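J.: Sharing entry.txt (compact mmCIF, C-alpha atoms) below.
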```
# COMPACT_ATOMS: atom_id res chain seq x y z
CA MET A 1 26.15 7.68 -15.52
CA ASN A 2 25.40 4.78 -17.83
CA THR A 3 22.46 5.83 -20.05
CA GLU A 4 21.35 2.23 -20.52
CA ILE A 5 20.96 1.78 -16.75
CA THR A 6 19.20 5.14 -16.42
CA GLN A 7 16.64 4.01 -18.94
CA ALA A 8 16.13 0.64 -17.32
CA GLU A 9 15.80 1.94 -13.76
CA GLY A 10 14.01 5.22 -14.36
CA ASN A 11 15.09 8.54 -12.92
CA LEU A 12 14.19 10.94 -10.14
CA THR A 13 11.39 12.53 -12.20
CA SER A 14 9.67 9.22 -12.97
CA TYR A 15 9.86 8.08 -9.33
CA THR A 16 8.51 11.41 -8.05
CA VAL A 17 5.66 11.48 -10.59
CA GLY A 18 4.70 7.91 -9.62
CA PHE A 19 4.90 8.77 -5.91
CA VAL A 20 2.72 11.90 -6.16
CA LEU A 21 0.15 10.12 -8.37
CA SER A 22 -0.01 7.20 -5.88
CA ILE A 23 -0.60 9.60 -2.96
CA LEU A 24 -3.38 11.41 -4.86
CA LEU A 25 -5.06 8.14 -5.88
CA THR A 26 -4.88 6.79 -2.29
CA LEU A 27 -6.37 10.01 -0.88
CA ALA A 28 -9.12 10.05 -3.54
CA ALA A 29 -10.10 6.46 -2.68
CA TYR A 30 -9.96 7.13 1.09
CA PHE A 31 -12.09 10.29 1.04
CA SER A 32 -14.61 8.93 -1.46
CA VAL A 33 -15.30 6.23 1.16
CA THR A 34 -15.15 8.28 4.39
CA GLN A 35 -17.03 11.31 2.99
CA HIS A 36 -19.70 9.10 1.32
CA ILE A 37 -19.30 10.82 -2.05
CA PHE A 38 -20.74 7.75 -3.79
CA THR A 39 -22.85 4.91 -2.43
CA GLY A 40 -23.56 1.31 -3.32
CA ASN A 41 -22.15 -0.20 -6.51
CA ALA A 42 -20.95 3.16 -7.85
CA LEU A 43 -18.56 3.46 -4.87
CA ILE A 44 -17.27 -0.11 -5.29
CA ILE A 45 -16.60 0.44 -9.00
CA PHE A 46 -14.98 3.83 -8.31
CA ILE A 47 -12.47 2.59 -5.70
CA ALA A 48 -11.76 -0.55 -7.76
CA ILE A 49 -10.88 1.66 -10.74
CA LEU A 50 -8.67 3.86 -8.52
CA ALA A 51 -6.81 0.74 -7.28
CA LEU A 52 -6.29 -0.51 -10.85
CA VAL A 53 -5.03 2.92 -11.98
CA GLN A 54 -2.59 2.95 -9.05
CA LEU A 55 -1.46 -0.57 -10.04
CA VAL A 56 -0.66 0.67 -13.55
CA VAL A 57 1.06 3.81 -12.16
CA GLN A 58 3.31 1.75 -9.87
CA LEU A 59 4.04 -0.87 -12.56
CA PHE A 60 5.23 1.86 -14.93
CA PHE A 61 6.87 4.43 -12.64
CA PHE A 62 8.27 2.14 -9.90
CA LEU A 63 8.73 -1.30 -11.49
CA HIS A 64 9.38 0.01 -15.05
CA LEU A 65 7.45 -2.82 -16.68
CA ASN A 66 7.49 -0.93 -20.00
CA LYS A 67 11.32 -0.69 -20.00
CA MET A 68 12.13 -4.34 -19.32
CA LYS A 69 14.24 -5.81 -22.10
CA SER A 70 12.62 -9.21 -22.39
CA ARG A 71 9.19 -9.52 -23.96
CA TRP A 72 8.70 -12.60 -21.74
CA ASN A 73 8.32 -10.36 -18.68
CA ALA A 74 5.11 -9.04 -20.18
CA VAL A 75 4.04 -12.53 -21.25
CA ILE A 76 4.24 -14.00 -17.73
CA PHE A 77 2.59 -10.86 -16.36
CA TRP A 78 -0.45 -11.38 -18.61
CA PHE A 79 -0.46 -15.11 -17.86
CA MET A 80 -0.49 -14.28 -14.12
CA LEU A 81 -3.46 -11.95 -14.68
CA LEU A 82 -5.31 -14.78 -16.48
CA ILE A 83 -4.68 -17.22 -13.59
CA VAL A 84 -5.70 -14.58 -11.01
CA ALA A 85 -8.91 -13.82 -12.93
CA ILE A 86 -9.82 -17.53 -13.12
CA LEU A 87 -8.95 -18.09 -9.45
CA VAL A 88 -10.76 -15.09 -7.96
CA GLY A 89 -13.64 -14.93 -10.44
CA GLY A 90 -14.17 -18.70 -10.34
CA SER A 91 -14.17 -18.87 -6.52
CA LEU A 92 -16.70 -16.06 -6.20
CA TRP A 93 -18.90 -17.51 -8.95
CA ILE A 94 -18.99 -21.01 -7.42
CA MET A 95 -19.60 -19.79 -3.88
CA LYS A 96 -22.34 -17.41 -4.98
CA ASN A 97 -24.10 -20.27 -6.79
CA LEU A 98 -23.81 -22.49 -3.72
CA ASN A 99 -25.35 -19.77 -1.55
CA TYR A 100 -28.10 -19.23 -4.12
CA ASN A 101 -28.95 -22.91 -4.50
CA MET A 102 -29.01 -23.81 -0.80
CA THR A 103 -31.53 -22.34 1.64
CA PRO A 104 -30.42 -21.82 5.27
CA ALA A 105 -32.67 -24.78 6.25
CA GLN A 106 -30.88 -27.01 3.74
CA ILE A 107 -27.49 -25.90 5.07
CA ASN A 108 -28.56 -26.70 8.67
CA ALA A 109 -29.92 -30.08 7.63
CA TYR A 110 -26.68 -30.83 5.79
CA MET A 111 -24.55 -29.83 8.80
CA ASN A 112 -26.70 -31.90 11.24
CA ASN A 113 -26.36 -34.84 8.92
CA GLN A 114 -22.56 -34.41 8.96
CA ASP A 115 -22.54 -34.28 12.77
CA SER A 116 -24.41 -37.56 13.09
CA LEU A 117 -21.89 -39.40 10.93
CA MET B 1 30.72 -6.43 -19.06
CA THR B 2 28.17 -7.55 -21.66
CA HIS B 3 28.14 -10.97 -20.05
CA GLU B 4 27.54 -9.38 -16.66
CA THR B 5 24.61 -7.23 -17.84
CA GLU B 6 23.18 -10.25 -19.63
CA SER B 7 23.29 -12.40 -16.50
CA GLN B 8 21.72 -9.54 -14.55
CA GLU B 9 18.88 -9.45 -17.08
CA VAL B 10 18.37 -13.20 -16.62
CA GLN B 11 18.33 -12.74 -12.82
CA LYS B 12 15.77 -9.95 -13.09
CA PHE B 13 13.62 -12.11 -15.34
CA GLY B 14 13.77 -15.05 -12.91
CA PHE B 15 12.91 -12.82 -9.98
CA TRP B 16 10.05 -11.29 -11.96
CA ALA B 17 8.71 -14.82 -12.60
CA TYR B 18 8.87 -15.49 -8.83
CA LEU B 19 6.97 -12.24 -8.11
CA MET B 20 4.24 -13.26 -10.56
CA THR B 21 3.79 -16.64 -8.81
CA ASP B 22 3.65 -14.76 -5.50
CA CYS B 23 0.80 -12.73 -7.02
CA VAL B 24 -1.07 -16.00 -7.59
CA LEU B 25 -0.51 -16.93 -3.91
CA PHE B 26 -1.94 -13.58 -2.82
CA ALA B 27 -4.81 -13.93 -5.30
CA SER B 28 -5.86 -17.21 -3.67
CA LEU B 29 -5.81 -15.50 -0.25
CA PHE B 30 -7.81 -12.56 -1.65
CA ALA B 31 -10.35 -15.02 -3.09
CA THR B 32 -10.60 -16.77 0.31
CA TYR B 33 -11.16 -13.43 2.01
CA ALA B 34 -13.76 -12.38 -0.58
CA VAL B 35 -15.69 -15.63 0.01
CA LEU B 36 -15.46 -15.57 3.83
CA HIS B 37 -15.63 -11.86 4.71
CA ASN B 38 -19.34 -11.97 5.58
CA ASN B 39 -19.03 -15.06 7.80
CA THR B 40 -18.66 -13.22 11.10
CA PHE B 41 -20.61 -15.84 13.14
CA GLY B 42 -22.64 -13.05 14.79
CA GLY B 43 -19.49 -11.12 15.71
CA PRO B 44 -18.54 -7.59 14.61
CA SER B 45 -17.65 -7.03 10.94
CA GLY B 46 -14.66 -5.17 9.52
CA HIS B 47 -16.72 -1.98 9.55
CA ASP B 48 -16.69 -1.98 13.38
CA LEU B 49 -13.16 -3.36 13.85
CA PHE B 50 -10.89 -1.36 11.51
CA SER B 51 -9.64 2.13 12.31
CA MET B 52 -9.42 3.86 8.93
CA PRO B 53 -7.11 6.83 9.83
CA TYR B 54 -4.65 4.29 11.32
CA VAL B 55 -4.72 2.19 8.13
CA LEU B 56 -4.28 5.32 5.98
CA GLY B 57 -1.17 6.10 8.07
CA GLU B 58 0.20 2.58 7.44
CA THR B 59 -0.51 2.99 3.71
CA PHE B 60 1.41 6.27 3.48
CA ILE B 61 4.38 4.92 5.42
CA LEU B 62 4.66 1.95 3.05
CA LEU B 63 4.22 4.21 0.00
CA VAL B 64 6.98 6.59 1.17
CA SER B 65 9.25 3.58 1.84
CA SER B 66 8.63 2.37 -1.74
CA TYR B 67 9.69 5.83 -2.97
CA THR B 68 12.84 5.99 -0.80
CA SER B 69 13.72 2.47 -1.98
CA GLY B 70 13.65 3.83 -5.54
CA LEU B 71 15.82 6.79 -4.49
CA ALA B 72 18.30 4.31 -2.98
CA MET B 73 18.51 2.54 -6.37
CA LEU B 74 19.22 5.86 -8.12
CA ALA B 75 22.07 6.46 -5.65
CA VAL B 76 23.34 2.91 -6.24
CA HIS B 77 23.54 3.52 -9.98
CA LYS B 78 25.46 6.74 -9.32
CA GLN B 79 27.84 4.59 -7.18
CA ALA B 80 27.16 7.00 -4.28
CA LYS B 81 27.69 4.58 -1.40
CA ASN B 82 26.80 6.83 1.55
CA GLN B 83 23.73 8.25 -0.17
CA ALA B 84 22.57 4.72 -1.02
CA LEU B 85 23.07 3.61 2.60
CA ALA B 86 21.15 6.64 3.89
CA TRP B 87 18.14 5.94 1.63
CA LEU B 88 18.25 2.21 2.39
CA GLY B 89 18.34 3.07 6.10
CA THR B 90 15.32 5.37 5.69
CA THR B 91 13.47 2.61 3.81
CA PHE B 92 14.32 0.12 6.56
CA VAL B 93 13.07 2.42 9.34
CA LEU B 94 9.82 3.13 7.44
CA GLY B 95 9.31 -0.58 6.70
CA ALA B 96 9.93 -1.47 10.35
CA THR B 97 7.47 1.25 11.45
CA PHE B 98 4.86 -0.23 9.10
CA LEU B 99 5.46 -3.71 10.52
CA ILE B 100 5.23 -2.50 14.14
CA MET B 101 1.96 -0.68 13.36
CA GLU B 102 0.55 -3.83 11.77
CA LEU B 103 1.58 -6.01 14.71
CA HIS B 104 0.05 -3.46 17.08
CA GLU B 105 -3.20 -3.63 15.08
CA PHE B 106 -3.14 -7.45 15.26
CA SER B 107 -2.39 -7.56 18.98
CA SER B 108 -5.14 -5.07 19.86
CA LEU B 109 -7.64 -7.10 17.77
CA ILE B 110 -6.61 -10.32 19.53
CA HIS B 111 -6.61 -8.56 22.91
CA ASP B 112 -10.22 -7.45 22.34
CA GLY B 113 -11.23 -11.04 21.64
CA HIS B 114 -11.18 -10.86 17.83
CA SER B 115 -8.48 -13.43 17.12
CA PHE B 116 -8.05 -15.54 13.97
CA ARG B 117 -9.88 -18.38 15.75
CA THR B 118 -13.09 -16.36 16.22
CA ASN B 119 -14.72 -16.76 12.79
CA GLY B 120 -14.14 -17.28 9.08
CA PHE B 121 -13.87 -13.55 8.39
CA LEU B 122 -11.06 -13.04 10.93
CA SER B 123 -9.24 -16.25 9.89
CA SER B 124 -9.08 -15.09 6.27
CA TYR B 125 -8.24 -11.51 7.32
CA PHE B 126 -5.29 -12.54 9.50
CA THR B 127 -4.02 -14.99 6.84
CA LEU B 128 -4.12 -12.42 4.04
CA VAL B 129 -2.73 -9.41 5.92
CA GLY B 130 -0.35 -11.61 7.95
CA THR B 131 1.14 -13.13 4.78
CA HIS B 132 1.85 -9.62 3.51
CA GLY B 133 3.43 -8.76 6.90
CA LEU B 134 5.58 -11.90 6.67
CA HIS B 135 6.83 -10.76 3.25
CA ILE B 136 7.66 -7.35 4.76
CA THR B 137 9.58 -9.11 7.56
CA PHE B 138 11.69 -11.11 5.10
CA GLY B 139 12.22 -7.97 3.00
CA LEU B 140 13.55 -6.14 6.08
CA ILE B 141 15.95 -9.01 6.94
CA TRP B 142 17.18 -9.04 3.31
CA MET B 143 17.59 -5.25 3.39
CA ALA B 144 19.60 -5.37 6.64
CA VAL B 145 21.94 -8.03 5.20
CA LEU B 146 22.51 -6.01 2.01
CA MET B 147 23.13 -2.82 4.00
CA VAL B 148 25.92 -4.58 5.89
CA GLN B 149 27.30 -5.80 2.55
CA VAL B 150 27.24 -2.30 1.03
CA PHE B 151 28.82 -0.86 4.18
CA LYS B 152 31.67 -3.37 4.09
CA LYS B 153 32.28 -3.87 0.36
CA GLY B 154 30.80 -0.82 -1.35
CA LEU B 155 28.83 -1.28 -4.58
CA PRO B 156 30.42 -3.93 -6.84
CA PRO B 157 28.20 -5.29 -9.70
CA LYS B 158 27.11 -8.32 -7.66
CA THR B 159 25.79 -6.22 -4.77
CA THR B 160 24.17 -3.80 -7.22
CA SER B 161 22.19 -6.58 -8.91
CA ARG B 162 21.10 -7.94 -5.50
CA LEU B 163 19.88 -4.46 -4.56
CA THR B 164 17.97 -4.28 -7.87
CA LEU B 165 16.06 -7.46 -6.97
CA LEU B 166 15.35 -6.22 -3.42
CA ASN B 167 14.02 -2.98 -4.89
CA MET B 168 11.67 -4.94 -7.17
CA PHE B 169 10.50 -7.00 -4.18
CA TRP B 170 9.82 -3.89 -2.11
CA HIS B 171 7.83 -2.16 -4.89
CA PHE B 172 5.89 -5.41 -5.37
CA LEU B 173 4.88 -5.44 -1.68
CA ASP B 174 3.54 -1.90 -2.02
CA VAL B 175 1.51 -3.00 -5.07
CA ILE B 176 -0.03 -5.87 -3.03
CA TRP B 177 -0.83 -3.40 -0.24
CA ILE B 178 -2.88 -1.20 -2.65
CA PHE B 179 -5.24 -4.15 -3.02
CA ILE B 180 -5.31 -5.00 0.70
CA PHE B 181 -6.08 -1.34 1.44
CA THR B 182 -8.87 -1.23 -1.18
CA LEU B 183 -10.44 -4.69 -0.96
CA VAL B 184 -10.09 -5.32 2.80
CA TYR B 185 -10.17 -1.94 4.51
CA LEU B 186 -12.00 0.46 2.17
CA MET B 187 -14.64 -2.14 1.22
CA ALA B 188 -15.27 -2.77 4.94
CA ALA B 189 -15.42 0.93 5.83
CA ARG B 190 -17.97 1.93 3.20
```
Go ahead and render the structure in this file as structure tokens.
T.:
Amino acid sequence: MNTEITQAEGNLTSYTVGFVLSILLTLAAYFSVTQHIFTGNALIIFIAILALVQLVVQLFFFLHLNKMKSRWNAVIFWFMLLIVAILVGGSLWIMKNLNYNMTPAQINAYMNNQDSL
Amino acid sequence: MTHETESQEVQKFGFWAYLMTDCVLFASLFATYAVLHNNTFGGPSGHDLFSMPYVLGETFILLVSSYTSGLAMLAVHKQAKNQALAWLGTTFVLGATFLIMELHEFSSLIHDGHSFRTNGFLSSYFTLVGTHGLHITFGLIWMAVLMVQVFKKGLPPKTTSRLTLLNMFWHFLDVIWIFIFTLVYLMAAR
């Protein structure tokens, strides 16, 4: 077997480690929600962290991001993360401000005004 | 041979760039869902609609299919044609099972009167999860075509590099599903 390819595509051990870790992380997230181990913001932060850890696990053990030859793979990955952060964070920020700045009465008045046009 | 491996690296890089832009597409759908998920228009929320054990089952089936897809790639690099076909076949069956489960979930929601036309929450839910399902569908078609190719022609370098890209695509879909599972289903169930 070509050693270069083995390195680039991983091996049975790396796939199995990634697979077992993913199962454990999924089960941890599932039972922390169904068994109410945490509540409120602590639970949200906990399952968000588990999802991010599983993202890293799958990027390394399944997609072999660390073994890709071109540095540009990592560059566009980080650029994508920047765009995603702006897109998701920005949307939530703007919509939260809109909700905060408009009372339900204002929203109704605005919608009635639109209807009459 | 060096030219061939070089062109395969370029292909992988191009496909990786496509996957990253697909991430941006999914991010915009996730943002839409995050903004609209409370707009149920007086109807039931995700907490009442989603069956968590069912979704956990879907998650595990997709995760196992991601693993078997990796095993297929290991067989491909060993030039073990039959082994590669067997793992690809397993991946295909698991992927198809996932898709059927998802369609069943959609049809029972629509049947109970919770279609994508009901409110903003369900519109964004069906768009986000449906787009992932559409990717799975195209992945399955691609996989079927490549399985026929492997069956007929074996594993020449061209087919091998196509299988490498399919493998990346399939792992990528599992990565997207982690976030659908966490942000859509687990957040609703809490």
J.: Suppose you want the space between CA of Leu27 in chain A and CA of Leu63 in chain B; what is it in Å?
T.: 12.1 Å
J.: Using only C-alpha atoms, which protein or nucleic acid residues come within 10 Å of Phe172 in chain B? Drop anything in the same chain fewer than 2 positions from it, and give the result as a PyMOL selection string.
T.: (chain A and resi 55+58-59+62-63) or (chain B and resi 16+19-20+22-23+66+166-170+174-177)
J.: Write out the residues from the selection above, keeping C-alpha atoms, as a PDB file, in the frame of the given file.
T.:
```pdb
ATOM      1  CA  LEU A  55      -1.460  -0.570 -10.040  1.00  0.00           C
ATOM      2  CA  GLN A  58       3.310   1.750  -9.870  1.00  0.00           C
ATOM      3  CA  LEU A  59       4.040  -0.870 -12.560  1.00  0.00           C
ATOM      4  CA  PHE A  62       8.270   2.140  -9.900  1.00  0.00           C
ATOM      5  CA  LEU A  63       8.730  -1.300 -11.490  1.00  0.00           C
TER       6      LEU A  63
ATOM      7  CA  TRP B  16      10.050 -11.290 -11.960  1.00  0.00           C
ATOM      8  CA  LEU B  19       6.970 -12.240  -8.110  1.00  0.00           C
ATOM      9  CA  MET B  20       4.240 -13.260 -10.560  1.00  0.00           C
ATOM     10  CA  ASP B  22       3.650 -14.760  -5.500  1.00  0.00           C
ATOM     11  CA  CYS B  23       0.800 -12.730  -7.020  1.00  0.00           C
ATOM     12  CA  SER B  66       8.630   2.370  -1.740  1.00  0.00           C
ATOM     13  CA  LEU B 166      15.350  -6.220  -3.420  1.00  0.00           C
ATOM     14  CA  ASN B 167      14.020  -2.980  -4.890  1.00  0.00           C
ATOM     15  CA  MET B 168      11.670  -4.940  -7.170  1.00  0.00           C
ATOM     16  CA  PHE B 169      10.500  -7.000  -4.180  1.00  0.00           C
ATOM     17  CA  TRP B 170       9.820  -3.890  -2.110  1.00  0.00           C
ATOM     18  CA  ASP B 174       3.540  -1.900  -2.020  1.00  0.00           C
ATOM     19  CA  VAL B 175       1.510  -3.000  -5.070  1.00  0.00           C
ATOM     20  CA  ILE B 176      -0.030  -5.870  -3.030  1.00  0.00           C
ATOM     21  CA  TRP B 177      -0.830  -3.400  -0.240  1.00  0.00           C
TER      22      TRP B 177
END
```
J.: Calculate how many Å separate CA of Ala85 in chain A from CA of Val35 in chain B, rounding to one decimal.
T.: 14.7 Å
J.: Rounded to one decimal, what separation in Å do you get between CA of Phe41 in chain B and CA of Phe181 in chain B?
T.: 23.6 Å
J.: For Ala17 in chain B, find every residue with an atom within 12 Å (counting all atoms listed in the file), except residues of its own chain fewer than 3 positions away, and show them as a short mmCIF file (atom, residue, chain, number, x, y, z; two decimals) with C-alpha atoms, keeping the file's coordinate frame.
T.:
```
data_model
loop_
_atom_site.label_atom_id
_atom_site.label_comp_id
_atom_site.auth_asym_id
_atom_site.auth_seq_id
_atom_site.Cartn_x
_atom_site.Cartn_y
_atom_site.Cartn_z
CA SER A 70 12.62 -9.21 -22.39
CA TRP A 72 8.70 -12.60 -21.74
CA ASN A 73 8.32 -10.36 -18.68
CA ALA A 74 5.11 -9.04 -20.18
CA VAL A 75 4.04 -12.53 -21.25
CA ILE A 76 4.24 -14.00 -17.73
CA PHE A 77 2.59 -10.86 -16.36
CA TRP A 78 -0.45 -11.38 -18.61
CA PHE A 79 -0.46 -15.11 -17.86
CA MET A 80 -0.49 -14.28 -14.12
CA VAL B 10 18.37 -13.20 -16.62
CA GLN B 11 18.33 -12.74 -12.82
CA LYS B 12 15.77 -9.95 -13.09
CA PHE B 13 13.62 -12.11 -15.34
CA GLY B 14 13.77 -15.05 -12.91
CA MET B 20 4.24 -13.26 -10.56
CA THR B 21 3.79 -16.64 -8.81
CA ASP B 22 3.65 -14.76 -5.50
CA CYS B 23 0.80 -12.73 -7.02
CA VAL B 24 -1.07 -16.00 -7.59
CA LEU B 165 16.06 -7.46 -6.97
CA MET B 168 11.67 -4.94 -7.17
CA PHE B 169 10.50 -7.00 -4.18
#
```
J.: Taking (1.1, -12.7, 6.9) in the file's own coordinates, collect the residues within 12 Å, counting only C-alpha atoms, and hand them back as a count of residues only.
T.: 27
J.: Compile the contact shell of Gly46 in chain B as a list of chain:residue names: residues with an atom at most 10 Å away, counting all atoms listed in the file, same-chain residues fewer than 4 positions apart removed.
T.: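 Those residues are B:His37, B:Asn38, B:Thr40, B:Phe50, B:Ser51, B:Phe121, B:Leu122, B:Tyr125, B:Val184, B:Tyr185, B:Leu186, B:Met187, B:Ala188, B:Ala189.
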J.: Need to verify the contact set: Tyr15 in chain A, 12 Å, only C-alpha atoms, exclusion of same-chain residues closer than 6 positions in sequence. Can you return it as a list in words?
T.: Glu9, Leu21, Ser22, Val57, Gln58, Leu59, Phe60, Phe61, Phe62, Leu63 and His64 of chain A; Leu63, Val64, Ser66, Tyr67, Thr68, Ser69, Gly70, Leu71, Ala72, Met73, Leu74 and His171 of chain B
J.: When distances are computed from all atoms listed in the file, which of B:Leu49, B:Leu62, B:Ile100, B:Leu94 shows the smallest separation from chain A?
T.: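 When distances to chain A are compared using all atoms listed in the file, the smallest one comes from B:Leu62.
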J.: Which residues come within 10 Å of range 90-102 of chain A, counting only C-alpha atoms, excluding same-chain residues fewer than 5 positions away, as a list in words?
T.: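 Near range 90-102 of chain A, the qualifying residues are Val84, Ala85, Ile107, Asn108 and Tyr110 of chain A; Ser28, Ala31, Thr32, Ala34, Val35 and Leu36 of chain B.
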J.: Write out the residues from the selection above, keeping C-alpha atoms, as a compact mmCIF listing (two decimals), in the coordinates of the input.
T.:
```
# COMPACT_ATOMS: atom_id res chain seq x y z
CA VAL A 84 -5.70 -14.58 -11.01
CA ALA A 85 -8.91 -13.82 -12.93
CA ILE A 107 -27.49 -25.90 5.07
CA ASN A 108 -28.56 -26.70 8.67
CA TYR A 110 -26.68 -30.83 5.79
CA SER B 28 -5.86 -17.21 -3.67
CA ALA B 31 -10.35 -15.02 -3.09
CA THR B 32 -10.60 -16.77 0.31
CA ALA B 34 -13.76 -12.38 -0.58
CA VAL B 35 -15.69 -15.63 0.01
CA LEU B 36 -15.46 -15.57 3.83
```
J.: From the coordinates I just gave you, please extract range 25-32 of chain A so that only all heavy atoms remain, then output it as a PDB file, in the first residue's frame.
T.:
```pdb
ATOM      1  N   LEU A  25     -20.146  11.402  21.856  1.00  0.00           N
ATOM      2  CA  LEU A  25     -20.529  12.814  21.945  1.00  0.00           C
ATOM      3  C   LEU A  25     -22.017  12.995  21.655  1.00  0.00           C
ATOM      4  O   LEU A  25     -22.703  13.780  22.313  1.00  0.00           O
ATOM      5  CB  LEU A  25     -19.684  13.645  20.973  1.00  0.00           C
ATOM      6  CG  LEU A  25     -18.228  13.823  21.371  1.00  0.00           C
ATOM      7  CD1 LEU A  25     -17.401  14.293  20.193  1.00  0.00           C
ATOM      8  CD2 LEU A  25     -18.119  14.816  22.517  1.00  0.00           C
ATOM      9  N   THR A  26     -22.541  12.219  20.650  1.00  0.00           N
ATOM     10  CA  THR A  26     -23.966  12.307  20.321  1.00  0.00           C
ATOM     11  C   THR A  26     -24.812  11.841  21.501  1.00  0.00           C
ATOM     12  O   THR A  26     -25.784  12.509  21.877  1.00  0.00           O
ATOM     13  CB  THR A  26     -24.275  11.445  19.085  1.00  0.00           C
ATOM     14  OG1 THR A  26     -23.425  11.857  18.021  1.00  0.00           O
ATOM     15  CG2 THR A  26     -25.726  11.591  18.663  1.00  0.00           C
ATOM     16  N   LEU A  27     -24.420  10.703  22.106  1.00  0.00           N
ATOM     17  CA  LEU A  27     -25.176  10.171  23.245  1.00  0.00           C
ATOM     18  C   LEU A  27     -25.123  11.144  24.426  1.00  0.00           C
ATOM     19  O   LEU A  27     -26.138  11.376  25.087  1.00  0.00           O
ATOM     20  CB  LEU A  27     -24.619   8.807  23.671  1.00  0.00           C
ATOM     21  CG  LEU A  27     -25.019   7.628  22.786  1.00  0.00           C
ATOM     22  CD1 LEU A  27     -24.323   6.364  23.260  1.00  0.00           C
ATOM     23  CD2 LEU A  27     -26.534   7.430  22.795  1.00  0.00           C
ATOM     24  N   ALA A  28     -23.941  11.734  24.676  1.00  0.00           N
ATOM     25  CA  ALA A  28     -23.813  12.681  25.789  1.00  0.00           C
ATOM     26  C   ALA A  28     -24.767  13.859  25.586  1.00  0.00           C
ATOM     27  O   ALA A  28     -25.475  14.267  26.516  1.00  0.00           O
ATOM     28  CB  ALA A  28     -22.375  13.173  25.900  1.00  0.00           C
ATOM     29  N   ALA A  29     -24.800  14.399  24.350  1.00  0.00           N
ATOM     30  CA  ALA A  29     -25.681  15.541  24.077  1.00  0.00           C
ATOM     31  C   ALA A  29     -27.144  15.127  24.234  1.00  0.00           C
ATOM     32  O   ALA A  29     -27.947  15.833  24.854  1.00  0.00           O
ATOM     33  CB  ALA A  29     -25.428  16.062  22.668  1.00  0.00           C
ATOM     34  N   TYR A  30     -27.492  13.945  23.701  1.00  0.00           N
ATOM     35  CA  TYR A  30     -28.889  13.481  23.740  1.00  0.00           C
ATOM     36  C   TYR A  30     -29.363  13.304  25.176  1.00  0.00           C
ATOM     37  O   TYR A  30     -30.421  13.822  25.559  1.00  0.00           O
ATOM     38  CB  TYR A  30     -28.989  12.161  22.976  1.00  0.00           C
ATOM     39  CG  TYR A  30     -30.387  11.596  22.921  1.00  0.00           C
ATOM     40  CD1 TYR A  30     -31.306  12.095  22.005  1.00  0.00           C
ATOM     41  CD2 TYR A  30     -30.775  10.573  23.776  1.00  0.00           C
ATOM     42  CE1 TYR A  30     -32.589  11.589  21.958  1.00  0.00           C
ATOM     43  CE2 TYR A  30     -32.059  10.060  23.732  1.00  0.00           C
ATOM     44  CZ  TYR A  30     -32.966  10.565  22.818  1.00  0.00           C
ATOM     45  OH  TYR A  30     -34.237  10.074  22.773  1.00  0.00           O
ATOM     46  N   PHE A  31     -28.555  12.598  26.006  1.00  0.00           N
ATOM     47  CA  PHE A  31     -29.031  12.309  27.363  1.00  0.00           C
ATOM     48  C   PHE A  31     -28.956  13.535  28.272  1.00  0.00           C
ATOM     49  O   PHE A  31     -29.758  13.652  29.195  1.00  0.00           O
ATOM     50  CB  PHE A  31     -28.273  11.115  27.957  1.00  0.00           C
ATOM     51  CG  PHE A  31     -28.758   9.820  27.378  1.00  0.00           C
ATOM     52  CD1 PHE A  31     -27.947   9.053  26.549  1.00  0.00           C
ATOM     53  CD2 PHE A  31     -30.057   9.387  27.615  1.00  0.00           C
ATOM     54  CE1 PHE A  31     -28.416   7.874  25.988  1.00  0.00           C
ATOM     55  CE2 PHE A  31     -30.526   8.210  27.063  1.00  0.00           C
ATOM     56  CZ  PHE A  31     -29.707   7.448  26.247  1.00  0.00           C
ATOM     57  N   SER A  32     -28.015  14.460  27.992  1.00  0.00           N
ATOM     58  CA  SER A  32     -28.006  15.671  28.814  1.00  0.00           C
ATOM     59  C   SER A  32     -29.291  16.473  28.592  1.00  0.00           C
ATOM     60  O   SER A  32     -29.739  17.186  29.481  1.00  0.00           O
ATOM     61  CB  SER A  32     -26.782  16.526  28.507  1.00  0.00           C
ATOM     62  OG  SER A  32     -26.892  17.076  27.218  1.00  0.00           O
TER      63      SER A  32
END
```
